[in-house]
file query-v5.txt (compact mmCIF, C-alpha atoms)
# COMPACT_ATOMS: atom_id res chain seq x y z
CA MET A 1 -1.99 140.37 -18.35
CA LEU A 2 -1.10 141.74 -14.93
CA ILE A 3 -2.66 145.16 -15.34
CA PRO A 4 -6.30 144.07 -15.96
CA TYR A 5 -6.21 141.98 -12.79
CA LEU A 6 -4.79 144.86 -10.78
CA LEU A 7 -7.41 147.23 -12.19
CA LEU A 8 -10.21 144.81 -11.34
CA GLY A 9 -8.87 144.40 -7.81
CA ALA A 10 -8.63 148.17 -7.41
CA THR A 11 -12.18 148.59 -8.69
CA LEU A 12 -13.53 146.06 -6.21
CA PHE A 13 -11.63 147.80 -3.40
CA VAL A 14 -12.95 151.23 -4.35
CA LEU A 15 -16.52 149.95 -4.71
CA GLY A 16 -16.25 148.46 -1.23
CA LEU A 17 -14.88 151.74 0.08
CA VAL A 18 -17.71 153.77 -1.44
CA GLY A 19 -20.20 151.31 -0.02
CA PHE A 20 -18.62 151.54 3.41
CA ILE A 21 -18.84 155.33 3.33
CA THR A 22 -22.34 155.68 1.95
CA ARG A 23 -24.42 152.80 3.29
CA ARG A 24 -25.91 153.15 6.74
CA ASN A 25 -26.75 149.53 7.53
CA LEU A 26 -24.06 148.03 9.78
CA ILE A 27 -24.24 144.61 8.14
CA ILE A 28 -23.84 146.06 4.64
CA MET A 29 -20.89 148.10 5.83
CA PHE A 30 -19.13 144.94 6.97
CA LEU A 31 -20.06 143.18 3.72
CA CYS A 32 -18.31 146.03 1.94
CA THR A 33 -15.13 145.43 3.94
CA GLU A 34 -15.29 141.80 2.84
CA MET A 35 -15.52 143.08 -0.73
CA MET A 36 -12.34 145.09 -0.21
CA PHE A 37 -10.68 141.85 0.94
CA GLN A 38 -11.73 140.23 -2.35
CA GLY A 39 -10.02 142.98 -4.32
CA ILE A 40 -6.84 142.50 -2.31
CA ILE A 41 -6.91 138.74 -2.81
CA ILE A 42 -7.13 139.21 -6.58
CA ASN A 43 -4.20 141.63 -6.43
CA LEU A 44 -2.01 139.29 -4.38
CA VAL A 45 -2.62 136.22 -6.50
CA ALA A 46 -2.21 138.07 -9.79
CA LEU A 47 1.07 139.59 -8.62
CA GLY A 48 2.25 136.10 -7.73
CA ARG A 49 1.33 134.75 -11.14
CA TYR A 50 2.71 137.65 -13.22
CA PRO A 51 5.57 139.01 -11.14
CA VAL A 52 7.02 142.42 -11.87
CA ARG A 53 10.67 141.81 -12.48
CA ALA A 54 13.09 144.28 -10.99
CA ALA A 55 15.79 145.43 -13.36
CA SER A 56 18.63 143.83 -11.45
CA ALA A 57 16.97 140.83 -9.88
CA GLY A 58 17.08 138.48 -12.83
CA GLU A 59 15.07 135.29 -12.75
CA ILE A 60 12.65 134.68 -9.93
CA ALA A 61 12.93 131.33 -8.24
CA PRO A 62 9.72 129.28 -8.67
CA PRO A 63 8.90 128.78 -4.97
CA ALA A 64 8.83 132.53 -4.44
CA LEU A 65 5.90 132.73 -6.85
CA LEU A 66 3.56 131.00 -4.44
CA ASP A 67 3.99 133.75 -1.87
CA GLY A 68 0.97 135.59 -3.21
CA GLN A 69 -1.28 132.61 -2.65
CA VAL A 70 0.11 132.01 0.85
CA PHE A 71 -0.49 135.64 1.78
CA ALA A 72 -4.01 135.40 0.39
CA LEU A 73 -4.64 132.36 2.61
CA PHE A 74 -3.58 134.35 5.67
CA LEU A 75 -5.88 137.11 4.48
CA VAL A 76 -8.79 134.67 4.41
CA ALA A 77 -8.00 133.68 8.01
CA VAL A 78 -7.96 137.33 9.08
CA ALA A 79 -11.22 137.94 7.22
CA ALA A 80 -12.87 135.05 9.04
CA ALA A 81 -11.75 136.42 12.42
CA GLU A 82 -12.95 139.88 11.45
CA ALA A 83 -16.36 138.60 10.35
CA ALA A 84 -16.86 136.67 13.60
CA LEU A 85 -16.01 139.65 15.80
CA ALA A 86 -17.90 142.18 13.67
CA LEU A 87 -21.08 140.14 13.60
CA ALA A 88 -20.91 139.55 17.34
CA LEU A 89 -20.65 143.30 17.80
CA VAL A 90 -23.56 143.89 15.42
CA VAL A 91 -25.74 141.46 17.36
CA LEU A 92 -24.82 143.19 20.62
CA LEU A 93 -25.60 146.63 19.18
CA TYR A 94 -28.89 145.41 17.74
CA ARG A 95 -29.93 144.15 21.16
CA HIS A 96 -29.30 147.60 22.60
CA LYS A 97 -31.36 149.71 20.23
CA ALA A 98 -33.19 147.33 17.83
CA THR A 99 -31.82 149.16 14.80
CA LEU A 100 -28.94 148.57 12.43
CA ASP A 101 -28.54 152.23 11.57
CA ALA A 102 -24.95 153.34 12.03
CA ASP A 103 -26.17 156.87 12.71
CA ALA A 104 -27.96 155.64 15.83
CA TRP A 105 -24.55 155.32 17.45
CA LYS A 106 -23.14 158.68 16.46
CA THR A 107 -22.92 159.76 20.08
CA LEU A 108 -19.88 157.49 20.33
CA ARG A 109 -17.77 159.71 18.12
CA ASP A 110 -15.76 162.75 19.03
CA ASP A 111 -17.30 166.17 19.21
CA GLY A 112 -16.61 168.45 16.32
CA MET B 1 -0.02 160.12 -14.97
CA SER B 2 1.78 159.12 -18.15
CA GLY B 3 -0.07 156.80 -20.44
CA MET B 4 -3.64 156.92 -19.26
CA PRO B 5 -5.94 157.37 -22.24
CA PHE B 6 -8.57 160.06 -22.17
CA VAL B 7 -11.30 157.47 -22.76
CA ALA B 8 -10.46 155.80 -19.46
CA VAL B 9 -11.01 159.03 -17.54
CA VAL B 10 -14.36 159.53 -19.27
CA LEU B 11 -15.36 155.99 -18.40
CA LEU B 12 -14.37 156.51 -14.77
CA ILE B 13 -16.46 159.70 -14.62
CA LEU B 14 -19.41 157.83 -16.13
CA GLY B 15 -18.95 155.09 -13.56
CA ALA B 16 -18.91 157.54 -10.67
CA LEU B 17 -22.06 159.24 -11.98
CA GLY B 18 -23.81 155.93 -12.42
CA LEU B 19 -22.87 154.82 -8.92
CA PHE B 20 -24.14 158.10 -7.50
CA LEU B 21 -27.51 157.65 -9.20
CA ALA B 22 -27.76 153.96 -8.39
CA LEU B 23 -27.20 154.28 -4.66
CA PRO B 24 -30.38 153.97 -2.61
CA GLY B 25 -31.96 157.33 -1.96
CA ALA B 26 -31.48 158.81 -5.40
CA ARG B 27 -34.40 159.05 -7.81
CA ARG B 28 -36.08 155.71 -8.15
CA ASP B 29 -36.86 155.86 -11.87
CA LEU B 30 -33.27 156.65 -12.77
CA SER B 31 -31.61 153.89 -10.79
CA ARG B 32 -32.15 151.18 -13.39
CA VAL B 33 -30.67 153.28 -16.18
CA ALA B 34 -27.84 154.27 -13.86
CA LEU B 35 -27.07 150.62 -13.17
CA LEU B 36 -26.85 149.93 -16.91
CA VAL B 37 -24.54 152.91 -17.45
CA LEU B 38 -22.38 151.84 -14.51
CA ALA B 39 -22.04 148.24 -15.64
CA ALA B 40 -21.34 149.29 -19.23
CA ALA B 41 -18.68 151.78 -18.14
CA GLY B 42 -16.95 149.25 -15.91
CA GLY B 43 -17.06 146.53 -18.53
CA THR B 44 -15.77 148.82 -21.26
CA LEU B 45 -12.95 149.99 -19.02
CA ILE B 46 -11.81 146.46 -18.21
CA GLY B 47 -12.21 145.42 -21.84
CA LEU B 48 -10.32 148.47 -23.07
CA VAL B 49 -7.43 147.89 -20.70
CA THR B 50 -7.28 144.21 -21.57
CA GLY B 51 -7.38 144.94 -25.28
CA LEU B 52 -4.78 147.70 -25.02
CA LEU B 53 -2.24 145.91 -22.91
CA VAL B 54 -2.70 142.27 -23.76
CA GLY B 55 -4.21 142.19 -27.21
CA PRO B 56 -7.24 140.27 -28.43
CA ALA B 57 -6.00 136.95 -27.18
CA PRO B 58 -8.53 134.35 -26.01
CA LEU B 59 -9.52 136.20 -22.86
CA GLY B 60 -13.19 135.36 -22.81
CA TRP B 61 -13.05 133.66 -19.43
CA PHE B 62 -11.29 136.57 -17.81
CA LEU B 63 -13.70 139.10 -19.25
CA GLY B 64 -16.71 137.01 -18.31
CA CYS B 65 -15.61 136.53 -14.71
CA ALA B 66 -14.63 140.19 -14.43
CA LEU B 67 -18.00 141.39 -15.72
CA VAL B 68 -19.99 139.11 -13.44
CA GLY B 69 -17.81 140.15 -10.51
CA LEU B 70 -18.15 143.86 -11.26
CA TYR B 71 -21.91 143.72 -11.69
CA SER B 72 -22.47 141.75 -8.51
CA ALA B 73 -20.12 144.06 -6.58
CA ILE B 74 -22.15 147.04 -7.77
CA ARG B 75 -25.35 145.34 -6.67
CA VAL B 76 -23.88 144.56 -3.23
CA VAL B 77 -23.26 148.25 -2.74
CA THR B 78 -26.49 149.56 -4.24
CA HIS B 79 -29.21 147.06 -3.34
CA PRO B 80 -31.61 148.40 -0.72
CA ARG B 81 -32.35 145.01 0.83
CA PRO B 82 -29.53 143.39 2.86
CA VAL B 83 -30.47 139.80 2.01
CA TYR B 84 -30.03 140.47 -1.68
CA SER B 85 -26.73 142.20 -0.98
CA ALA B 86 -25.48 139.06 0.74
CA LEU B 87 -26.66 136.87 -2.13
CA TYR B 88 -24.97 139.11 -4.69
CA PHE B 89 -21.82 138.88 -2.58
CA MET B 90 -22.00 135.13 -3.05
CA LEU B 91 -22.15 135.67 -6.82
CA LEU B 92 -19.09 137.92 -6.50
CA LEU B 93 -17.33 135.08 -4.70
CA VAL B 94 -18.08 132.70 -7.56
CA ALA B 95 -16.61 135.21 -10.02
CA VAL B 96 -13.49 135.70 -7.90
CA THR B 97 -13.10 131.94 -7.65
CA GLY B 98 -13.19 131.73 -11.44
CA LEU B 99 -10.47 134.37 -11.67
CA LEU B 100 -8.34 132.48 -9.14
CA VAL B 101 -8.64 129.29 -11.17
CA LEU B 102 -7.56 131.27 -14.23
CA VAL B 103 -4.32 132.29 -12.51
CA GLN B 104 -3.74 128.73 -11.32
CA ALA B 105 -4.55 129.18 -7.68
CA GLU B 106 -6.78 126.13 -7.44
CA PHE B 107 -6.31 125.42 -3.76
CA LEU B 108 -6.96 129.02 -2.83
CA ALA B 109 -10.12 129.01 -4.96
CA VAL B 110 -11.50 125.97 -3.17
CA ALA B 111 -10.54 127.37 0.23
CA LEU B 112 -12.25 130.65 -0.63
CA VAL B 113 -15.51 128.93 -1.51
CA ILE B 114 -15.44 126.79 1.64
CA VAL B 115 -14.51 129.55 4.06
CA TYR B 116 -16.49 132.42 2.57
CA ALA B 117 -19.58 130.87 1.03
CA GLY B 118 -19.69 128.05 3.54
CA ALA B 119 -18.99 129.87 6.77
CA ILE B 120 -18.76 133.66 6.61
CA LEU B 121 -21.70 134.31 4.30
CA VAL B 122 -23.95 131.89 6.18
CA THR B 123 -23.20 133.81 9.37
CA TYR B 124 -24.02 137.07 7.62
CA VAL B 125 -27.33 135.71 6.36
CA PHE B 126 -28.15 134.47 9.87
CA VAL B 127 -27.58 137.89 11.37
CA ILE B 128 -29.54 139.58 8.58
CA MET B 129 -32.48 137.25 9.19
CA LEU B 130 -32.21 137.89 12.93
CA ALA B 131 -32.47 141.62 12.44
CA GLN B 132 -35.07 141.65 9.69
CA GLN B 133 -37.97 144.05 9.85
CA ALA B 134 -41.31 143.98 8.12
CA ARG B 135 -40.68 146.77 5.64
CA PRO B 136 -37.32 148.20 4.62
CA PRO B 137 -36.35 150.77 7.23
CA GLY B 138 -35.21 154.23 6.29
CA TYR B 139 -31.53 153.59 6.76
CA ASP B 140 -31.58 151.04 3.96
CA THR B 141 -33.33 153.18 1.40
CA GLN B 142 -31.43 156.39 2.02
CA ALA B 143 -27.68 156.51 1.49
CA ARG B 144 -25.48 158.81 3.56
CA GLU B 145 -23.62 161.50 1.60
CA PRO B 146 -23.67 159.64 -1.73
CA LEU B 147 -22.10 162.55 -3.60
CA TRP B 148 -19.00 162.79 -1.41
CA GLY B 149 -18.64 159.04 -1.26
CA CYS B 150 -18.71 158.66 -5.04
CA LEU B 151 -16.35 161.58 -5.45
CA ALA B 152 -13.84 160.04 -3.05
CA GLY B 153 -14.09 156.71 -4.83
CA PHE B 154 -13.64 158.34 -8.23
CA VAL B 155 -10.53 160.25 -7.15
CA LEU B 156 -8.99 157.15 -5.57
CA LEU B 157 -9.70 154.90 -8.55
CA THR B 158 -8.42 157.50 -11.02
CA LEU B 159 -5.17 157.85 -9.11
CA ILE B 160 -4.70 154.07 -8.96
CA ALA B 161 -5.55 153.61 -12.64
CA ALA B 162 -3.19 156.39 -13.65
CA GLN B 163 -0.39 154.57 -11.88
CA LEU B 164 -1.35 151.29 -13.51
CA PHE B 165 -1.11 152.50 -17.09
CA PRO B 166 2.59 152.12 -17.78
CA ALA B 167 4.53 154.43 -20.03
CA ARG B 168 5.69 151.51 -22.11
CA PRO B 169 3.14 148.68 -22.33
CA ALA B 170 5.63 145.81 -22.23
CA GLU B 171 7.36 146.89 -19.06
CA THR B 172 5.91 144.29 -16.74
CA SER B 173 4.29 140.94 -17.36
CA ALA B 174 6.96 138.34 -17.39
CA THR B 175 4.68 135.36 -17.01
CA SER B 176 6.11 133.19 -14.32
CA PRO B 177 7.03 129.62 -15.12
CA LEU B 178 4.05 127.44 -14.52
CA VAL B 179 3.77 126.61 -10.84
CA ALA B 180 0.48 124.97 -10.07
CA GLY B 181 -1.27 126.20 -6.96
CA THR B 182 -2.10 122.71 -5.78
CA VAL B 183 -2.41 121.67 -2.17
CA GLU B 184 1.04 120.11 -2.36
CA ALA B 185 2.85 123.17 -3.62
CA VAL B 186 1.07 125.69 -1.41
CA GLY B 187 1.15 123.42 1.63
CA ALA B 188 4.87 122.80 1.35
CA ARG B 189 5.45 126.53 1.18
CA LEU B 190 3.06 127.19 4.04
CA LEU B 191 4.56 124.65 6.41
CA THR B 192 8.22 125.42 5.79
CA GLU B 193 8.75 129.10 5.19
CA TYR B 194 5.61 130.47 6.83
CA VAL B 195 5.09 128.04 9.70
CA VAL B 196 5.27 130.82 12.27
CA GLY B 197 2.55 132.64 10.38
CA VAL B 198 0.36 129.55 10.52
CA GLN B 199 0.77 129.39 14.28
CA ILE B 200 -0.05 133.06 14.67
CA ALA B 201 -3.09 132.69 12.41
CA GLY B 202 -4.32 129.83 14.59
CA LEU B 203 -3.83 131.94 17.69
CA LEU B 204 -5.70 134.82 16.04
CA LEU B 205 -8.63 132.61 15.13
CA LEU B 206 -8.79 131.24 18.66
CA ALA B 207 -8.74 134.74 20.11
CA ALA B 208 -11.47 135.84 17.71
CA LEU B 209 -13.57 132.82 18.64
CA VAL B 210 -13.30 133.48 22.37
CA GLY B 211 -13.85 137.20 21.85
CA ALA B 212 -16.93 136.71 19.69
CA ILE B 213 -18.51 134.40 22.25
CA ALA B 214 -17.67 136.78 25.08
CA ILE B 215 -19.16 139.74 23.21
CA ALA B 216 -22.31 138.04 21.98
CA ARG B 217 -23.17 136.44 25.34
CA ARG B 218 -23.12 139.69 27.25
CA ARG B 219 -26.58 140.74 28.36
CA ALA B 220 -27.68 144.02 26.91
CA SER B 221 -29.54 144.85 30.09
CA ALA B 222 -26.40 144.59 32.17
CA ALA B 223 -24.94 147.68 30.55
CA HIS B 224 -28.05 149.69 29.65
CA GLY B 225 -31.17 149.25 31.64
CA ASN B 226 -33.53 149.65 28.68
CA GLU B 227 -35.68 147.26 26.65
CA GLY B 228 -34.77 144.59 24.18
CA ALA B 229 -32.72 142.29 26.38
CA THR B 230 -33.42 138.66 25.80
call {"tool": "encode", "arguments": {"input": "query-v5.txt", "output": "structure tokens"}}
result
Amino acid sequence: MLIPYLLLGATLFVLGLVGFITRRNLIIMFLCTEMMFQGIIINLVALGRYPVRAASAGEIAPPALLDGQVFALFLVAVAAAEAALALALVVLLYRHKATLDADAWKTLRDDG
Amino acid sequence: MSGMPFVAVVLLILGALGLFLALPGARRDLSRVALLVLAAAGGTLIGLVTGLLVGPAPLGWFLGCALVGLYSAIRVVTHPRPVYSALYFMLLLVAVTGLLVLVQAEFLAVALVIVYAGAILVTYVFVIMLAQQARPPGYDTQAREPLWGCLAGFVLLTLIAAQLFPARPAETSATSPLVAGTVEAVGARLLTEYVVGVQIAGLLLLAALVGAIAIARRRASAAHGNEGAT
């Protein structure tokens, strides 16, 4: 039962990645990063529920199985911080040029 | 690359093609068909993997949540109007919450709904409303390099999926003894083993709060003398 969860998480991550590459709206790009976080959360929790047993490790102690959920909680905290900062930046950029087009800011990148 | 069936590769190719055609900027009349192809390919892939590796056990809830999640994720990426993208993201959250309940992470599921749907998504919708224009601007209806983006996604997902298909199906999946993800169990773990992490997370959130206020309060005119400063 582990593999379908991992595949679904990977699919969500890849969809978010493709969206981040191809969309030009800054807000949608950040929504896509949130979607990648969702894929990772599914991965973490599924790995906690159906642990992969190493050949030599033997039984896994029950408290260790909650680690996936604890990590996912930290991930949610990081995602909240990221959303706050990213949206503040988007608002600031929108005030500068009144557009959400990421290409409007391409002068910020390196030459080449 | 051991045990990946040929059908899975075909489905992944179909999915990449569908995503390419469904992204904004491709031909308008094809996008609806492309969405159908994409959703069908994704659903068949998940169903195939589940059927191959787990067997036709009562997995209806998993498949249902996975399909809803996949479809709404596709719509987040492909919808030309940002408000609808945000709303579809909320639907994705509901699906993910269902999956978390299925793997007995009840507390995490509730926390996800409160934090994401209650706080993060509302902020997104606020900003989208703030920056809304009368008709959809060009950067929403025209994707940037959709071909290369879909190709990169296809290669990455194929590599990951090839690693996921094990040589022998029963290699993994020792279901852990039932530990409920209640507040008590997770909280005890959080406040004993990971208490330093909790402190650091609090510090991070505080820093993000102060930083966001500092960034958003800065006058645009102070840096650039041009219009639009309110």
call {"tool": "interface_residues", "arguments": {"input": "query-v5.txt", "of": "chain A", "to": "chain B", "cutoff": "7 Å", "atoms": "all atoms listed in the file", "output": "VMD selection string"}}
result
chain A and resid 1 to 4 7 10 to 12 14 18 to 19 21 to 25 28 46 49 to 53 62 66 69 to 70 73 to 74 77 80 to 81 83 to 85 88 to 89 91 to 92 95 to 96 101
call {"tool": "closest_residue", "arguments": {"input": "query-v5.txt", "among": "B:Leu87, B:Gly15, B:Ala41, B:Ala95", "to": "Leu15 in chain A", "atoms": "only C-alpha atoms"}}
result
B:Gly15
call {"tool": "closest_residue", "arguments": {"input": "query-v5.txt", "among": "A:Leu87, A:Leu47, A:Leu100, A:Val78", "to": "Leu6 in chain A", "atoms": "all atoms listed in the file"}}
result
A:Leu47
call {"tool": "closest_residue", "arguments": {"input": "query-v5.txt", "among": "A:Ala72, A:Arg109, A:Ile42, A:Leu17", "to": "Phe30 in chain A", "atoms": "only C-alpha atoms"}}
result
A:Leu17
call {"tool": "closest_residue", "arguments": {"input": "query-v5.txt", "among": "B:Gly18, B:Gly25, B:Gly43, B:Pro5", "to": "Tyr71 in chain B", "atoms": "all atoms listed in the file"}}
result
B:Gly43
call {"tool": "decode", "arguments": {"input": "query-v5.txt", "residues": "range 181-215 of chain B", "atoms": "N, CA and C atoms", "output": "PDB file, in the first residue's frame"}}
result
ATOM      1  N   GLY B 181      -2.950   8.672  15.079  1.00  0.00           N
ATOM      2  CA  GLY B 181      -2.325   9.985  15.024  1.00  0.00           C
ATOM      3  C   GLY B 181      -3.146  11.008  15.774  1.00  0.00           C
ATOM      4  N   THR B 182      -3.525  10.703  16.999  1.00  0.00           N
ATOM      5  CA  THR B 182      -4.340  11.639  17.756  1.00  0.00           C
ATOM      6  C   THR B 182      -3.484  12.767  18.296  1.00  0.00           C
ATOM      7  N   VAL B 183      -4.153  13.762  18.865  1.00  0.00           N
ATOM      8  CA  VAL B 183      -3.423  14.883  19.448  1.00  0.00           C
ATOM      9  C   VAL B 183      -2.486  14.376  20.536  1.00  0.00           C
ATOM     10  N   GLU B 184      -2.963  13.404  21.307  1.00  0.00           N
ATOM     11  CA  GLU B 184      -2.157  12.928  22.430  1.00  0.00           C
ATOM     12  C   GLU B 184      -0.857  12.305  21.947  1.00  0.00           C
ATOM     13  N   ALA B 185      -0.974  11.404  20.984  1.00  0.00           N
ATOM     14  CA  ALA B 185       0.216  10.687  20.538  1.00  0.00           C
ATOM     15  C   ALA B 185       1.201  11.632  19.850  1.00  0.00           C
ATOM     16  N   VAL B 186       0.679  12.441  18.921  1.00  0.00           N
ATOM     17  CA  VAL B 186       1.572  13.343  18.195  1.00  0.00           C
ATOM     18  C   VAL B 186       2.140  14.403  19.127  1.00  0.00           C
ATOM     19  N   GLY B 187       1.292  14.919  20.025  1.00  0.00           N
ATOM     20  CA  GLY B 187       1.756  15.970  20.926  1.00  0.00           C
ATOM     21  C   GLY B 187       2.833  15.483  21.872  1.00  0.00           C
ATOM     22  N   ALA B 188       2.681  14.264  22.369  1.00  0.00           N
ATOM     23  CA  ALA B 188       3.706  13.730  23.265  1.00  0.00           C
ATOM     24  C   ALA B 188       5.043  13.619  22.539  1.00  0.00           C
ATOM     25  N   ARG B 189       4.959  13.158  21.285  1.00  0.00           N
ATOM     26  CA  ARG B 189       6.176  13.029  20.495  1.00  0.00           C
ATOM     27  C   ARG B 189       6.791  14.404  20.226  1.00  0.00           C
ATOM     28  N   LEU B 190       5.912  15.344  19.914  1.00  0.00           N
ATOM     29  CA  LEU B 190       6.363  16.683  19.529  1.00  0.00           C
ATOM     30  C   LEU B 190       7.034  17.387  20.688  1.00  0.00           C
ATOM     31  N   LEU B 191       6.518  17.204  21.897  1.00  0.00           N
ATOM     32  CA  LEU B 191       7.006  17.988  23.021  1.00  0.00           C
ATOM     33  C   LEU B 191       8.073  17.275  23.834  1.00  0.00           C
ATOM     34  N   THR B 192       8.426  16.051  23.440  1.00  0.00           N
ATOM     35  CA  THR B 192       9.554  15.412  24.110  1.00  0.00           C
ATOM     36  C   THR B 192      10.769  15.366  23.190  1.00  0.00           C
ATOM     37  N   GLU B 193      10.612  14.612  22.110  1.00  0.00           N
ATOM     38  CA  GLU B 193      11.758  14.387  21.238  1.00  0.00           C
ATOM     39  C   GLU B 193      12.111  15.624  20.416  1.00  0.00           C
ATOM     40  N   TYR B 194      11.051  16.327  19.953  1.00  0.00           N
ATOM     41  CA  TYR B 194      11.290  17.393  18.969  1.00  0.00           C
ATOM     42  C   TYR B 194      11.025  18.766  19.544  1.00  0.00           C
ATOM     43  N   VAL B 195      11.271  18.950  20.854  1.00  0.00           N
ATOM     44  CA  VAL B 195      10.898  20.221  21.468  1.00  0.00           C
ATOM     45  C   VAL B 195      11.763  21.366  20.949  1.00  0.00           C
ATOM     46  N   VAL B 196      13.013  21.048  20.612  1.00  0.00           N
ATOM     47  CA  VAL B 196      13.873  22.082  20.028  1.00  0.00           C
ATOM     48  C   VAL B 196      13.324  22.528  18.680  1.00  0.00           C
ATOM     49  N   GLY B 197      12.838  21.549  17.914  1.00  0.00           N
ATOM     50  CA  GLY B 197      12.242  21.888  16.626  1.00  0.00           C
ATOM     51  C   GLY B 197      11.045  22.796  16.771  1.00  0.00           C
ATOM     52  N   VAL B 198      10.238  22.555  17.809  1.00  0.00           N
ATOM     53  CA  VAL B 198       9.073  23.410  18.029  1.00  0.00           C
ATOM     54  C   VAL B 198       9.513  24.844  18.298  1.00  0.00           C
ATOM     55  N   GLN B 199      10.559  24.982  19.131  1.00  0.00           N
ATOM     56  CA  GLN B 199      11.048  26.325  19.426  1.00  0.00           C
ATOM     57  C   GLN B 199      11.546  27.019  18.158  1.00  0.00           C
ATOM     58  N   ILE B 200      12.297  26.258  17.354  1.00  0.00           N
ATOM     59  CA  ILE B 200      12.840  26.864  16.135  1.00  0.00           C
ATOM     60  C   ILE B 200      11.711  27.239  15.182  1.00  0.00           C
ATOM     61  N   ALA B 201      10.674  26.375  15.119  1.00  0.00           N
ATOM     62  CA  ALA B 201       9.547  26.690  14.238  1.00  0.00           C
ATOM     63  C   ALA B 201       8.855  27.970  14.702  1.00  0.00           C
ATOM     64  N   GLY B 202       8.720  28.134  16.027  1.00  0.00           N
ATOM     65  CA  GLY B 202       8.119  29.358  16.532  1.00  0.00           C
ATOM     66  C   GLY B 202       8.941  30.578  16.162  1.00  0.00           C
ATOM     67  N   LEU B 203      10.254  30.426  16.295  1.00  0.00           N
ATOM     68  CA  LEU B 203      11.152  31.532  15.941  1.00  0.00           C
ATOM     69  C   LEU B 203      11.026  31.871  14.454  1.00  0.00           C
ATOM     70  N   LEU B 204      10.947  30.813  13.630  1.00  0.00           N
ATOM     71  CA  LEU B 204      10.821  31.009  12.181  1.00  0.00           C
ATOM     72  C   LEU B 204       9.544  31.749  11.848  1.00  0.00           C
ATOM     73  N   LEU B 205       8.444  31.346  12.492  1.00  0.00           N
ATOM     74  CA  LEU B 205       7.171  32.002  12.208  1.00  0.00           C
ATOM     75  C   LEU B 205       7.210  33.462  12.629  1.00  0.00           C
ATOM     76  N   LEU B 206       7.851  33.721  13.775  1.00  0.00           N
ATOM     77  CA  LEU B 206       7.957  35.115  14.225  1.00  0.00           C
ATOM     78  C   LEU B 206       8.763  35.944  13.228  1.00  0.00           C
ATOM     79  N   ALA B 207       9.886  35.357  12.782  1.00  0.00           N
ATOM     80  CA  ALA B 207      10.728  36.076  11.824  1.00  0.00           C
ATOM     81  C   ALA B 207       9.967  36.339  10.533  1.00  0.00           C
ATOM     82  N   ALA B 208       9.192  35.338  10.081  1.00  0.00           N
ATOM     83  CA  ALA B 208       8.425  35.512   8.850  1.00  0.00           C
ATOM     84  C   ALA B 208       7.368  36.589   9.023  1.00  0.00           C
ATOM     85  N   LEU B 209       6.751  36.621  10.197  1.00  0.00           N
ATOM     86  CA  LEU B 209       5.732  37.640  10.468  1.00  0.00           C
ATOM     87  C   LEU B 209       6.324  39.035  10.393  1.00  0.00           C
ATOM     88  N   VAL B 210       7.440  39.227  11.106  1.00  0.00           N
ATOM     89  CA  VAL B 210       8.081  40.546  11.115  1.00  0.00           C
ATOM     90  C   VAL B 210       8.550  40.910   9.710  1.00  0.00           C
ATOM     91  N   GLY B 211       9.137  39.921   9.021  1.00  0.00           N
ATOM     92  CA  GLY B 211       9.638  40.186   7.678  1.00  0.00           C
ATOM     93  C   GLY B 211       8.532  40.550   6.719  1.00  0.00           C
ATOM     94  N   ALA B 212       7.402  39.824   6.799  1.00  0.00           N
ATOM     95  CA  ALA B 212       6.305  40.114   5.880  1.00  0.00           C
ATOM     96  C   ALA B 212       5.772  41.519   6.104  1.00  0.00           C
ATOM     97  N   ILE B 213       5.639  41.907   7.372  1.00  0.00           N
ATOM     98  CA  ILE B 213       5.141  43.260   7.646  1.00  0.00           C
ATOM     99  C   ILE B 213       6.138  44.298   7.135  1.00  0.00           C
ATOM    100  N   ALA B 214       7.424  44.041   7.372  1.00  0.00           N
ATOM    101  CA  ALA B 214       8.441  45.000   6.945  1.00  0.00           C
ATOM    102  C   ALA B 214       8.451  45.139   5.432  1.00  0.00           C
ATOM    103  N   ILE B 215       8.273  44.002   4.724  1.00  0.00           N
ATOM    104  CA  ILE B 215       8.289  44.079   3.262  1.00  0.00           C
ATOM    105  C   ILE B 215       7.045  44.793   2.745  1.00  0.00           C
TER     106      ILE B 215
END
